[in-house]
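The structure appears right after this line, and notes come after that.
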Amino acid sequence: MSAGPDTAVDENRLEELIIEAQTALPFELPALANRCASALGLDSALIYLVDLQQRLLIPLDEVMEPLPVDRSPAGWAYRTVSSRVAEADDGVIVWLPLIDGAERLGVLAVRTASLNGARMRRSRMLAHLFAMLITSKRAYSDWLAGLTRTATMRLPTEMLRAFLPPHTVGSSRCVSTAVLEPAYNVAGDAYDHSVVKNVLHAMILDSMGHDLIAGLTTSVAMAAARNARRGGGDLVDVVGSVDQALAQWLPDHFCTGVLCRLDAVTGVLQWVNCGHPPPLLIRAKRVLDGVLDRPPQPPIGLAGQLAPAAREVHETTLEPGDCVLLYTDGVVEARDADGAEFGLDRFAEFIIRSSAAGQLPAEVLRLLTHAILDYQRNQLRDDATILLFEWRPQYR
């Protein structure tokens, strides 16, 4: 029998459902969520996943309508990564964020006749469970991928997105978040970030062109960087691996990029800039002009006499709370109807103002990409990619 809010949970029933969840197909998750909710003494549960551009929350129950991220209680829970309780005709709805580590997946709507401490705890347990289930199943589910799309994706974009990591990764000491537009038509831009023990690796790339070859160039570059990184290579090894891979397999193509390595214990930041716009350092709500500027090095993948003899690694030490911003030129070169550029100052000011308002880093970039798209009437002339990472050491 289902457990009431103030009685013991039916552990045998829950065990059966969790075992069932391991082999459940993604399209079976809505029904499974309801059965799990019943076993916890709740009325029902509905899963919503955010769409690719983070404008809509799309229900896994396909007869339901999507909800706006910007104007709904569900969207508030997603934007703030906090629970939100709303009244309903037959009780209340608890909106809970679905989170994979630092990555926002969507929200869970839990219906219950009334709410107390026990039901709230069980609602949170349910959200954690289904966040893990969605994370484990979306890697191989075309249904989940297709459900979160609102437009047709071009082949170069499909290939490139297969290589991208989650939008947000991190730990208690650092967080890195990134966005990429146009979501369905990008080809040459990409980002990568990974946490290895106490080290954050972050990278942004921009290949020349907007066709399948541009996407292939970026994909080869990302694969080479990961191969060197996973083999224990340092920053010089990683850049060298990308240089060699592109020179060998795509000798007529190259890309610009910035590759970073942040020690999340000490705050030591190392970076290599290969013909790319320099990173920006934001400290105490202002941009420190030129702090991370260095003499330019050649792009990645140049062969023969054009290839650099060695890459220079730059180093500085961050202060707690510092943010480092990587971007491609399509961000600042977006133009309005009168031809005025979005510009670096407007770009940096938006980041600072949104962060000062208490927005989470991932939410800051979500809002920024929408502002850039609105500025250029949703028609970007070039790919626009932004990666922001923050050092926030936890002292005991």
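FYI, nothing fancy with the structure tokens labels: chains A, B, ... in order, residues from 1 per chain, ligands from 1 as they appear.
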- Excluding same-chain residues fewer than 2 positions from A:Ala202, what lies within 9 Å of it counting only C-alpha atoms, as number ranges by chain? A: 176, 191-195, 200, 204, 258-262, 387, 389
Selected residues written out with N, CA, C and O atoms, as a PDB file, in the first residue's frame:
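Okay, this is what ended up in selection.pdb:
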ATOM      1  N   SER A 176      32.074  25.961 -14.298  1.00  0.00           N
ATOM      2  CA  SER A 176      32.251  26.448 -15.661  1.00  0.00           C
ATOM      3  C   SER A 176      30.946  26.231 -16.404  1.00  0.00           C
ATOM      4  O   SER A 176      30.332  25.163 -16.310  1.00  0.00           O
ATOM      5  N   TYR A 191      32.899  24.567 -27.460  1.00  0.00           N
ATOM      6  CA  TYR A 191      33.502  24.736 -26.145  1.00  0.00           C
ATOM      7  C   TYR A 191      33.722  23.354 -25.542  1.00  0.00           C
ATOM      8  O   TYR A 191      33.112  22.357 -25.954  1.00  0.00           O
ATOM      9  N   ASP A 192      34.597  23.309 -24.570  1.00  0.00           N
ATOM     10  CA  ASP A 192      34.814  22.066 -23.831  1.00  0.00           C
ATOM     11  C   ASP A 192      35.240  22.440 -22.421  1.00  0.00           C
ATOM     12  O   ASP A 192      35.966  23.434 -22.219  1.00  0.00           O
ATOM     13  N   HIS A 193      34.788  21.693 -21.446  1.00  0.00           N
ATOM     14  CA  HIS A 193      35.261  21.863 -20.072  1.00  0.00           C
ATOM     15  C   HIS A 193      35.121  20.547 -19.336  1.00  0.00           C
ATOM     16  O   HIS A 193      34.228  19.746 -19.593  1.00  0.00           O
ATOM     17  N   SER A 194      36.063  20.339 -18.418  1.00  0.00           N
ATOM     18  CA  SER A 194      36.116  19.082 -17.687  1.00  0.00           C
ATOM     19  C   SER A 194      36.834  19.315 -16.363  1.00  0.00           C
ATOM     20  O   SER A 194      37.759  20.136 -16.282  1.00  0.00           O
ATOM     21  N   VAL A 195      36.398  18.601 -15.337  1.00  0.00           N
ATOM     22  CA  VAL A 195      37.056  18.675 -14.036  1.00  0.00           C
ATOM     23  C   VAL A 195      37.787  17.359 -13.791  1.00  0.00           C
ATOM     24  O   VAL A 195      37.182  16.285 -13.824  1.00  0.00           O
ATOM     25  N   LEU A 200      40.350  22.277 -13.283  1.00  0.00           N
ATOM     26  CA  LEU A 200      39.352  22.556 -14.312  1.00  0.00           C
ATOM     27  C   LEU A 200      40.061  22.827 -15.631  1.00  0.00           C
ATOM     28  O   LEU A 200      40.950  23.679 -15.706  1.00  0.00           O
ATOM     29  N   ILE A 204      37.781  27.030 -25.660  1.00  0.00           N
ATOM     30  CA  ILE A 204      36.840  27.537 -26.643  1.00  0.00           C
ATOM     31  C   ILE A 204      37.540  27.547 -27.995  1.00  0.00           C
ATOM     32  O   ILE A 204      38.739  27.856 -28.081  1.00  0.00           O
ATOM     33  N   VAL A 258      41.290  29.407 -27.236  1.00  0.00           N
ATOM     34  CA  VAL A 258      41.942  29.629 -25.949  1.00  0.00           C
ATOM     35  C   VAL A 258      41.755  28.363 -25.126  1.00  0.00           C
ATOM     36  O   VAL A 258      40.639  27.856 -24.994  1.00  0.00           O
ATOM     37  N   LEU A 259      42.848  27.851 -24.573  1.00  0.00           N
ATOM     38  CA  LEU A 259      42.820  26.657 -23.732  1.00  0.00           C
ATOM     39  C   LEU A 259      43.326  27.045 -22.351  1.00  0.00           C
ATOM     40  O   LEU A 259      44.378  27.684 -22.225  1.00  0.00           O
ATOM     41  N   CYS A 260      42.572  26.662 -21.326  1.00  0.00           N
ATOM     42  CA  CYS A 260      42.879  27.070 -19.952  1.00  0.00           C
ATOM     43  C   CYS A 260      42.981  25.866 -19.035  1.00  0.00           C
ATOM     44  O   CYS A 260      42.346  24.826 -19.267  1.00  0.00           O
ATOM     45  N   ARG A 261      43.774  26.058 -17.983  1.00  0.00           N
ATOM     46  CA  ARG A 261      43.900  25.068 -16.911  1.00  0.00           C
ATOM     47  C   ARG A 261      43.892  25.819 -15.582  1.00  0.00           C
ATOM     48  O   ARG A 261      44.771  26.633 -15.323  1.00  0.00           O
ATOM     49  N   LEU A 262      42.880  25.533 -14.753  1.00  0.00           N
ATOM     50  CA  LEU A 262      42.750  26.206 -13.466  1.00  0.00           C
ATOM     51  C   LEU A 262      42.922  25.206 -12.330  1.00  0.00           C
ATOM     52  O   LEU A 262      42.185  24.218 -12.248  1.00  0.00           O
ATOM     53  N   LEU A 387      31.983  31.050 -22.806  1.00  0.00           N
ATOM     54  CA  LEU A 387      32.299  30.156 -21.686  1.00  0.00           C
ATOM     55  C   LEU A 387      32.760  31.010 -20.511  1.00  0.00           C
ATOM     56  O   LEU A 387      33.623  31.875 -20.673  1.00  0.00           O
ATOM     57  N   PHE A 389      33.999  30.739 -16.435  1.00  0.00           N
ATOM     58  CA  PHE A 389      34.289  29.922 -15.257  1.00  0.00           C
ATOM     59  C   PHE A 389      34.689  30.801 -14.085  1.00  0.00           C
ATOM     60  O   PHE A 389      35.265  31.882 -14.250  1.00  0.00           O
TER      61      PHE A 389
END
Stretch 128-225 of chain A near stretch 229-249 of chain A within 9 Å: what's each residue's closest atom pair and its distance in Å to one decimal, counting only C-alpha atoms, ordered by chain then ascending residue number, as a Markdown table?
| residue | atom | partner | partner_atom | distance |
| --- | --- | --- | --- | --- |
| A:His201 | CA | A:Arg229 | CA | 8.7 |
| A:Thr217 | CA | A:Leu246 | CA | 7.2 |
| A:Val220 | CA | A:Leu246 | CA | 7.0 |
| A:Ala221 | CA | A:Val242 | CA | 5.2 |
| A:Met222 | CA | A:Val242 | CA | 7.7 |
| A:Ala223 | CA | A:Val242 | CA | 8.2 |
| A:Ala224 | CA | A:Val242 | CA | 5.1 |
| A:Ala225 | CA | A:Val238 | CA | 5.1 |
- Determine, counting only C-alpha atoms, which protein, DNA and RNA residues have an atom within 12 Å of an atom of A:Gly170; residues of the same chain fewer than 4 positions away are not included. Present the result as a PyMOL selection string. chain A and resi 100-103+166+174-178+193-202+262+264+361-362+388-393
- Message: I need the residue nearest A:Leu326 from this list: A:Val272, A:Val313, A:Leu108, A:Leu360. Use only C-alpha atoms for the distance.
- Response: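 Checking each candidate against A:Leu326, we get A:Val272 as the closest.
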- Long-range neighbours of A:Met208 as a list of chain:residue names, 8 Å cut-off, only C-alpha atoms, 6 positions minimum in chain: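 Those residues are A:Gly188, A:Ala214, A:His253, A:Phe254, A:Cys255.
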- Which of stretch 102-241 of chain A fall in strand (DSSP E), as an MDAnalysis selection string: chainID A and resid 103:112 168:170 174:181 189:196 199:207
- Note on the structure: Across A:Ile93, A:Leu302, A:Leu368, A:Val186, the smallest distance to A:Ala74, with only C-alpha atoms counted, is shown by A:Ile93
